[in-house]
Amino acid sequence: MTDTSADTAAIRDGYMQQARRKRLYGGIILLVFVALMASGFRLADDRNAGGFWSGLPNVFDFPADVIADTWPKLNQLPGHMAYFFPALMETINIAAVSTLIGAGFAMVLSMLSTRGLARWPRLIPVFRRAMDIMRAVPEIVIALVLIFVLGGGPMPAMIAIAFHTAGALGKLFSEVNENADLKPVEGLQSVGATWLQRMWLGVVPQVSPNYLSYALLRFEINIRASAILGFVGAGGIGYELRNAMSWGKGRFDEAAAIFLLLFITIVIFDQLSSHVRNLMIAKRERGRA
Amino acid sequence: MTDAALYAEADRLFARKKLLAFGLPAVVLIYLAYIFFAFDIPGLAERARLDNARTLLSDIWSYKTRVAQDNRTGTVEVAIEGERKGEYAPGTEPDWVRIAGTGTRIDLGDGHIVSFAPTGGFTYAMPGRDPIVARLDGRSVVSNVTDAPDWISASRTRFQVETSHGRVSLTRNRTELFRYFPGWELFFFTLDSPYHGASVSQLFGDRIDPARANLSGAWHDFWNNAMWRHSDVAWALFETVLMAFLGTFGAAFIALPLAFLAAKNFTPLGALRFGARRCFDFLRGIDGLIWTIVLSRAFGPGPMTGALAILLTDTGSFGKLFSEALENVDGKQIEGLTSTGARPVQRYRFGVIPQIIPVLVSQVLYYLESNTRSATIIGAITGGGIGLLLTQAMITQKDWEEVSYYIILIVLMVMAMDSLSGWLRRKLIRGV
């Protein structure tokens with residue numbers, strides 16, 4: 001009897017020691033992390049043009065200016081918004097087309113880089129690397145180079161975003177493909193279908209709901225990206241925002257209209273895409289049950 | 001159900017599938033056609049500047065050396081990229097340029113020889129053609145070329161010959177020659193460094209500069225290279241990563257407690273939940289672009305502004321993601337803890353946190369990678385990090401070799417962060 005209780009005591013001591021050590025390690029890691037964050041913020045603050053603490057009281061200056069400029073001309077706001085609506089449409093169009101084109105390329109790339117589906121299995125690493133590189137290039141880099149060659153306008157932004165989207169979606173799509181059932185593909189192969197037919201008829205129907213949900217998420221991200229690219233000269237609402245900002249203090253009412261348009265658009269598409277994705281998840285779960 | 005009804009049902013299904021299979025591509029095609037005209041793609045050919053594309057491409061893989069003569073004083077300068085930082089000191093010019101008081105003789109290879117006249121003007125001798133002579137006549141530029149081919153451009157004020165071996169031009173003030181070479185000549189050392197042109201074995205051999213040990217001296221000259229500014233570039237890369245790091249983890253720290261407020265199973269009070277959720281939507285809805293503009297007005301350009309812009313946007317994203325994760329936690333663990341008499345704090349610590357940590361860590365690490373890219377973009381807008389260097393190099397419209405160098409660095413940086421976050425994800429989530 002005493003033996004077993006001594007054993008349990010030993011086990012308990014061992015366990016407590018282990019738990020204490022684990023807690024200690026966790027505490028140390030957390031401490032180091034917090035110290036890293038704090039020193040990082042100090043460093044970033046030092047290298048910033050204006051300090052954090054000296055700038056903090058001014059955070060609301062700009063929003064206050066914008067509101068002060070807009071308030072007396074509130075009746076003009078709907079007019080401004082209507083005026084900038086075509087530019088907003090251009091931004092959304094850039095995002096939509098680049099998502100479409102990017103998703104198309106991503107589909108092909110993802111199939112070429114998934115084991116079991118690839119047309120040329122030896123080239124899988126090549127396509128993977130290519131997607132990694134495409135994903136790593138920030139849109140702004142390609143857009144700026146293309147603006148130099150093609151001139152301003154929506155095309156540079158579209159190509160830049162589509163390029164990045166192809167890489168980003170390609171990776172997600174190939175993860176989806178890995179879970180696809182290969183039986184339809186084998187069945188199609190046995191009746192002599194070409195690679196394109198096998199993919200289009202055997203794989204795409206299985207994976208298209210997931211593709212769609214990822215593409216929707218990407219569309220929302222791309223709207224933000226295309227607004228930013230406009231700001232560096234590639235047309236759309238971002239370009240108008242840059243112009244409106246350059247009017248300076250006292251004339252920020254146009255900028256306010258653009259801020260509002262951008263905010264509403266992003267919120268709408270954010271809610272829309274999460275709603276559609278939730279619907280699809282619910283549908284899939286119903287299908288499974 | 002009768003057979004007829006089943007058939008009708010099947011037919012209806014088929015009809016719907018058919019409509020979808022043909023309708024969807026048709027809609028996409030119509031949309032693309034609309035875009036084709038809305039974006040004025042037919043007019044692109046006119047707007048595109050193919051000469052820009054050509055300078056860009058040739059500049060990426062080659063560098064040019066400029067030989068320029070001031071026609072009034074007769075002084076000749078030889079400089080790489082035509083920049084002061086790349087100037088050859090008098091007497092150290094490359095051997096294909098021979099400067100003399102009677103005229104400078106430049107050998108472009110393959111029998112292409114250009115001679116500058118000391119008072120302005122040049123003679124370009126090439127195989128299989130009479131020499132081209134251009135000189136100054138009073139205020140105007142004249143030449144012996146009567147019927148100019150398209151590689152010669154002649155006007156009253158400027159005469160230019162461009163061949164595969166180089167480009168020579170004459171204006172009233174200046175006689176100028178550009179010769180292109182492959183490579184990035186000053187990438188390691190500028191011309192004023194004694195290590196320029198030294199081979200690797202020489203670096204490990206006797207002291208090149210008697211005052212310094214070879215390796216430390218070479219490192220110093222490389223690091224402080226005035227043309228490529230390696231130390232500034234390294235700092236800029238670090239700043240960009242710092243922005244992403246601070247923004248992502250700062251957002252995670254702020255979003256975690258707020259996410260409890262927005263989760264249905266932890267905050268029964270509807271009003272509070274609604275408030276927290278709308279707060280997240282608001283933070284997310286104001287795009288990073290707008291945050292950047294607002295913040296840079298208060299804090300000025302720099303990494304702090306970028307970090308805060310990322311932090312604010314991502315607090316919204318993380319808040320939403322974390323609160324969804326919290327709503328999906330398994331209640332059984334919490335119940336079990338409650339049954340042993342655990343206090344609320346202990347219930348959260350041991351019942352909830354272990355369940356959401358994997359989701360949380362993997363999301364945060366995903367964002368760390370994508371924020372490295374965002375930090376580059378924000379840096380380009382507000383001015384900070386590698387994004388700033390990139391836009392600066394682009395604005396000059398001639399330092400394309402630097403632009404391509406920065407692009408390569410950015411791609412490598414993002415890929416490195418990608419593998420780092422993937423590695424950490426595998427390591428941490430397996431460990432938990």
# chains A, B, ... in the order shown; residues from 1 in each chain; ligands from 1
call {"tool": "interface_residues", "arguments": {"of": "chain A", "to": "chain B", "cutoff": "8 Å", "atoms": "only C-alpha atoms", "output": "mmCIF file with C-alpha atoms, in the first residue's frame"}}
result
data_model
loop_
_atom_site.group_PDB
_atom_site.id
_atom_site.type_symbol
_atom_site.label_atom_id
_atom_site.label_comp_id
_atom_site.auth_asym_id
_atom_site.auth_seq_id
_atom_site.Cartn_x
_atom_site.Cartn_y
_atom_site.Cartn_z
ATOM 1 C CA MET A 37 8.371 43.784 -29.572
ATOM 2 C CA GLY A 40 11.304 46.812 -32.129
ATOM 3 C CA PHE A 41 8.821 49.586 -31.517
ATOM 4 C CA ALA A 44 10.920 51.843 -35.480
ATOM 5 C CA ASP A 45 10.097 54.988 -33.543
ATOM 6 C CA ARG A 47 13.844 55.675 -37.481
ATOM 7 C CA ASN A 48 10.516 57.332 -38.112
ATOM 8 C CA ALA A 49 10.515 60.937 -39.329
ATOM 9 C CA GLY A 50 8.136 62.002 -36.566
ATOM 10 C CA GLY A 51 8.082 60.371 -33.156
ATOM 11 C CA PHE A 52 5.202 58.245 -31.950
ATOM 12 C CA SER A 54 4.871 63.574 -30.358
ATOM 13 C CA GLY A 55 2.631 62.529 -33.229
ATOM 14 C CA LEU A 56 -0.017 60.815 -31.158
ATOM 15 C CA ASN A 58 -2.097 64.796 -34.048
ATOM 16 C CA VAL A 59 -3.626 61.508 -35.139
ATOM 17 C CA ASP A 61 -5.955 66.274 -36.956
ATOM 18 C CA PHE A 62 -6.299 64.971 -40.463
ATOM 19 C CA PRO A 63 -9.674 63.262 -39.966
ATOM 20 C CA ASN A 93 -13.271 46.201 -62.699
ATOM 21 C CA VAL A 97 -10.720 41.071 -64.311
ATOM 22 C CA ASP A 132 6.358 30.926 -55.214
ATOM 23 C CA ILE A 133 8.065 33.664 -57.173
ATOM 24 C CA ALA A 136 6.385 36.837 -53.678
ATOM 25 C CA VAL A 137 6.395 39.766 -56.097
ATOM 26 C CA PRO A 138 4.379 42.617 -54.597
ATOM 27 C CA ILE A 140 3.299 47.513 -56.785
ATOM 28 C CA VAL A 141 6.645 46.410 -58.220
ATOM 29 C CA LEU A 144 5.410 50.629 -61.393
ATOM 30 C CA VAL A 145 7.589 48.996 -64.047
ATOM 31 C CA PHE A 148 6.875 53.198 -67.124
ATOM 32 C CA VAL A 149 6.469 51.076 -70.239
ATOM 33 C CA LEU A 150 2.714 51.146 -70.913
ATOM 34 C CA GLY A 151 1.850 54.536 -69.465
ATOM 35 C CA GLY A 153 -4.156 53.548 -66.778
ATOM 36 C CA PRO A 154 -5.810 50.331 -65.688
ATOM 37 C CA MET A 155 -3.710 47.883 -67.727
ATOM 38 C CA ARG A 224 -7.875 46.864 -51.853
ATOM 39 C CA ALA A 227 -7.148 51.021 -54.907
ATOM 40 C CA ILE A 228 -3.548 51.176 -53.697
ATOM 41 C CA VAL A 232 0.749 55.194 -57.438
ATOM 42 C CA PHE A 259 -12.882 57.761 -48.444
ATOM 43 C CA LEU A 262 -13.910 53.174 -50.674
ATOM 44 C CA PHE A 263 -15.053 52.307 -47.168
ATOM 45 C CA ILE A 264 -18.562 51.369 -48.278
ATOM 46 C CA ILE A 266 -14.814 47.353 -49.040
ATOM 47 C CA VAL A 267 -17.366 46.695 -46.327
ATOM 48 C CA ASP A 270 -16.155 41.951 -47.287
#
call {"tool": "residues_around", "arguments": {"residues": "Ile237 of chain A", "least_positions_apart": "4", "cutoff": "7 Å", "atoms": "only C-alpha atoms", "output": "ChimeraX atom specification"}}
result
/A:87-88,91,227,230,241
call {"tool": "write_last_selection", "arguments": {"atoms": "C-alpha atoms", "output": "compact mmCIF listing (two decimals), in the first residue's frame"}}
result
# COMPACT_ATOMS: atom_id res chain seq x y z
CA ALA A 87 -13.50 55.75 -61.03
CA LEU A 88 -14.70 53.35 -58.36
CA THR A 91 -11.09 50.00 -59.54
CA ALA A 227 -7.15 51.02 -54.91
CA GLY A 230 -4.34 53.62 -58.35
CA LEU A 241 -7.79 60.10 -54.15
call {"tool": "atom_distance", "arguments": {"atom1": "atom CA of Ser164 of chain B", "atom2": "atom CA of Tyr63 of chain B"}}
result
14.3 Å
call {"tool": "residues_around", "arguments": {"residues": "segment 257-268 of chain B", "least_positions_apart": "6", "cutoff": "9 Å", "atoms": "only C-alpha atoms", "output": "PyMOL selection string"}}
result
chain B and resi 274-277+318-327
call {"tool": "write_last_selection", "arguments": {"atoms": "N, CA and C atoms", "output": "mmCIF file, in the first residue's frame"}}
result
data_model
loop_
_atom_site.group_PDB
_atom_site.id
_atom_site.type_symbol
_atom_site.label_atom_id
_atom_site.label_comp_id
_atom_site.auth_asym_id
_atom_site.auth_seq_id
_atom_site.Cartn_x
_atom_site.Cartn_y
_atom_site.Cartn_z
ATOM 1 N N PHE B 274 -22.100 43.164 -30.682
ATOM 2 C CA PHE B 274 -22.340 43.947 -31.891
ATOM 3 C C PHE B 274 -21.295 45.060 -32.017
ATOM 4 N N GLY B 275 -21.050 45.747 -30.879
ATOM 5 C CA GLY B 275 -20.074 46.838 -30.884
ATOM 6 C C GLY B 275 -18.698 46.341 -31.297
ATOM 7 N N ALA B 276 -18.256 45.234 -30.701
ATOM 8 C CA ALA B 276 -16.920 44.710 -31.001
ATOM 9 C C ALA B 276 -16.824 44.316 -32.470
ATOM 10 N N ARG B 277 -17.902 43.675 -32.966
ATOM 11 C CA ARG B 277 -17.847 43.226 -34.369
ATOM 12 C C ARG B 277 -17.792 44.398 -35.330
ATOM 13 N N PHE B 318 -7.789 39.999 -37.665
ATOM 14 C CA PHE B 318 -7.556 39.011 -36.615
ATOM 15 C C PHE B 318 -8.756 38.909 -35.686
ATOM 16 N N GLY B 319 -9.350 40.061 -35.348
ATOM 17 C CA GLY B 319 -10.502 40.036 -34.465
ATOM 18 C C GLY B 319 -11.584 39.142 -35.030
ATOM 19 N N LYS B 320 -11.830 39.285 -36.324
ATOM 20 C CA LYS B 320 -12.868 38.467 -36.943
ATOM 21 C C LYS B 320 -12.473 36.991 -36.915
ATOM 22 N N LEU B 321 -11.239 36.698 -37.349
ATOM 23 C CA LEU B 321 -10.796 35.305 -37.418
ATOM 24 C C LEU B 321 -10.785 34.654 -36.034
ATOM 25 N N PHE B 322 -10.232 35.382 -35.052
ATOM 26 C CA PHE B 322 -10.124 34.803 -33.711
ATOM 27 C C PHE B 322 -11.504 34.574 -33.109
ATOM 28 N N SER B 323 -12.420 35.529 -33.328
ATOM 29 C CA SER B 323 -13.721 35.348 -32.700
ATOM 30 C C SER B 323 -14.452 34.172 -33.346
ATOM 31 N N GLU B 324 -14.216 33.959 -34.653
ATOM 32 C CA GLU B 324 -14.810 32.769 -35.280
ATOM 33 C C GLU B 324 -14.215 31.499 -34.684
ATOM 34 N N ALA B 325 -12.879 31.533 -34.453
ATOM 35 C CA ALA B 325 -12.239 30.364 -33.847
ATOM 36 C C ALA B 325 -12.786 30.124 -32.452
ATOM 37 N N LEU B 326 -13.013 31.214 -31.720
ATOM 38 C CA LEU B 326 -13.525 31.068 -30.352
ATOM 39 C C LEU B 326 -14.927 30.490 -30.350
ATOM 40 N N GLU B 327 -15.726 30.872 -31.364
ATOM 41 C CA GLU B 327 -17.087 30.347 -31.400
ATOM 42 C C GLU B 327 -17.099 28.856 -31.700
#
call {"tool": "closest_residue", "arguments": {"among": "A:Trp71, A:Phe219, A:Phe231, A:Trp195", "to": "Ala244 of chain A", "atoms": "only C-alpha atoms"}}
result
A:Phe231
call {"tool": "closest_residue", "arguments": {"among": "A:Ala166, A:Val276, A:Leu217, A:Ala10", "to": "Gly102 of chain A", "atoms": "only C-alpha atoms"}}
result
A:Ala166
call {"tool": "select_by_dssp", "arguments": {"residues": "segment 59-266 of chain B", "states": "alpha helix (DSSP H)", "output": "PyMOL selection string"}}
result
chain B and resi 59-61+200-203+214-223+230-262
call {"tool": "closest_residue", "arguments": {"among": "B:Gly316, B:Gly341, B:Gly121, B:Gly385", "to": "Ala251 of chain B", "atoms": "only C-alpha atoms"}}
result
B:Gly316
call {"tool": "select_by_dssp", "arguments": {"residues": "segment 158-254 of chain B", "states": "strand (DSSP E)", "output": "list in words"}}
result
Arg158, Phe159, Gln160, Val161, Glu162, Thr163, Gly166, Arg167, Val168, Ser169, Leu170, Thr171, Arg174, Thr175, Glu176, Leu177, Phe178, Arg179, Tyr180, Phe181 and Pro182 of chain B
call {"tool": "residues_around", "arguments": {"residues": "Ile353 of chain B", "least_positions_apart": "6", "cutoff": "12 Å", "atoms": "only C-alpha atoms", "output": "mmCIF file with C-alpha atoms, in the first residue's frame"}}
result
data_model
loop_
_atom_site.group_PDB
_atom_site.id
_atom_site.type_symbol
_atom_site.label_atom_id
_atom_site.label_comp_id
_atom_site.auth_asym_id
_atom_site.auth_seq_id
_atom_site.Cartn_x
_atom_site.Cartn_y
_atom_site.Cartn_z
ATOM 1 C CA LEU B 256 -7.058 38.442 -28.887
ATOM 2 C CA PRO B 257 -8.832 40.005 -25.878
ATOM 3 C CA PHE B 260 -13.582 37.293 -26.711
ATOM 4 C CA PHE B 322 -10.124 34.803 -33.711
ATOM 5 C CA ALA B 325 -12.239 30.364 -33.847
ATOM 6 C CA LEU B 326 -13.525 31.068 -30.352
ATOM 7 C CA VAL B 329 -14.247 25.850 -29.404
ATOM 8 C CA ASP B 330 -15.434 22.632 -27.862
ATOM 9 C CA GLN B 333 -13.196 20.936 -22.027
ATOM 10 C CA ILE B 334 -14.491 24.054 -20.340
ATOM 11 C CA VAL B 345 -9.353 32.797 -15.616
ATOM 12 C CA GLN B 346 -8.241 29.180 -15.265
ATOM 13 C CA ARG B 347 -11.063 28.061 -17.507
ATOM 14 C CA VAL B 359 -5.638 28.300 -35.364
ATOM 15 C CA LEU B 360 -4.278 31.506 -33.952
ATOM 16 C CA VAL B 361 -0.623 30.764 -34.592
ATOM 17 C CA VAL B 432 1.253 22.252 -29.137
#
call {"tool": "residues_around", "arguments": {"residues": "Val145 of chain B", "least_positions_apart": "6", "cutoff": "9 Å", "atoms": "only C-alpha atoms", "output": "ChimeraX atom specification"}}
result
/B:132-134,152,154
call {"tool": "atom_distance", "arguments": {"atom1": "atom CA of Arg135 of chain B", "atom2": "atom CA of Glu83 of chain B"}}
result
26.1 Å
call {"tool": "residues_around", "arguments": {"residues": "Ala103 of chain A", "least_positions_apart": "5", "cutoff": "9 Å", "atoms": "only C-alpha atoms", "output": "JSON, numbers by chain"}}
result
{"A": [98, 108, 162, 165, 166, 169, 170, 211, 215]}
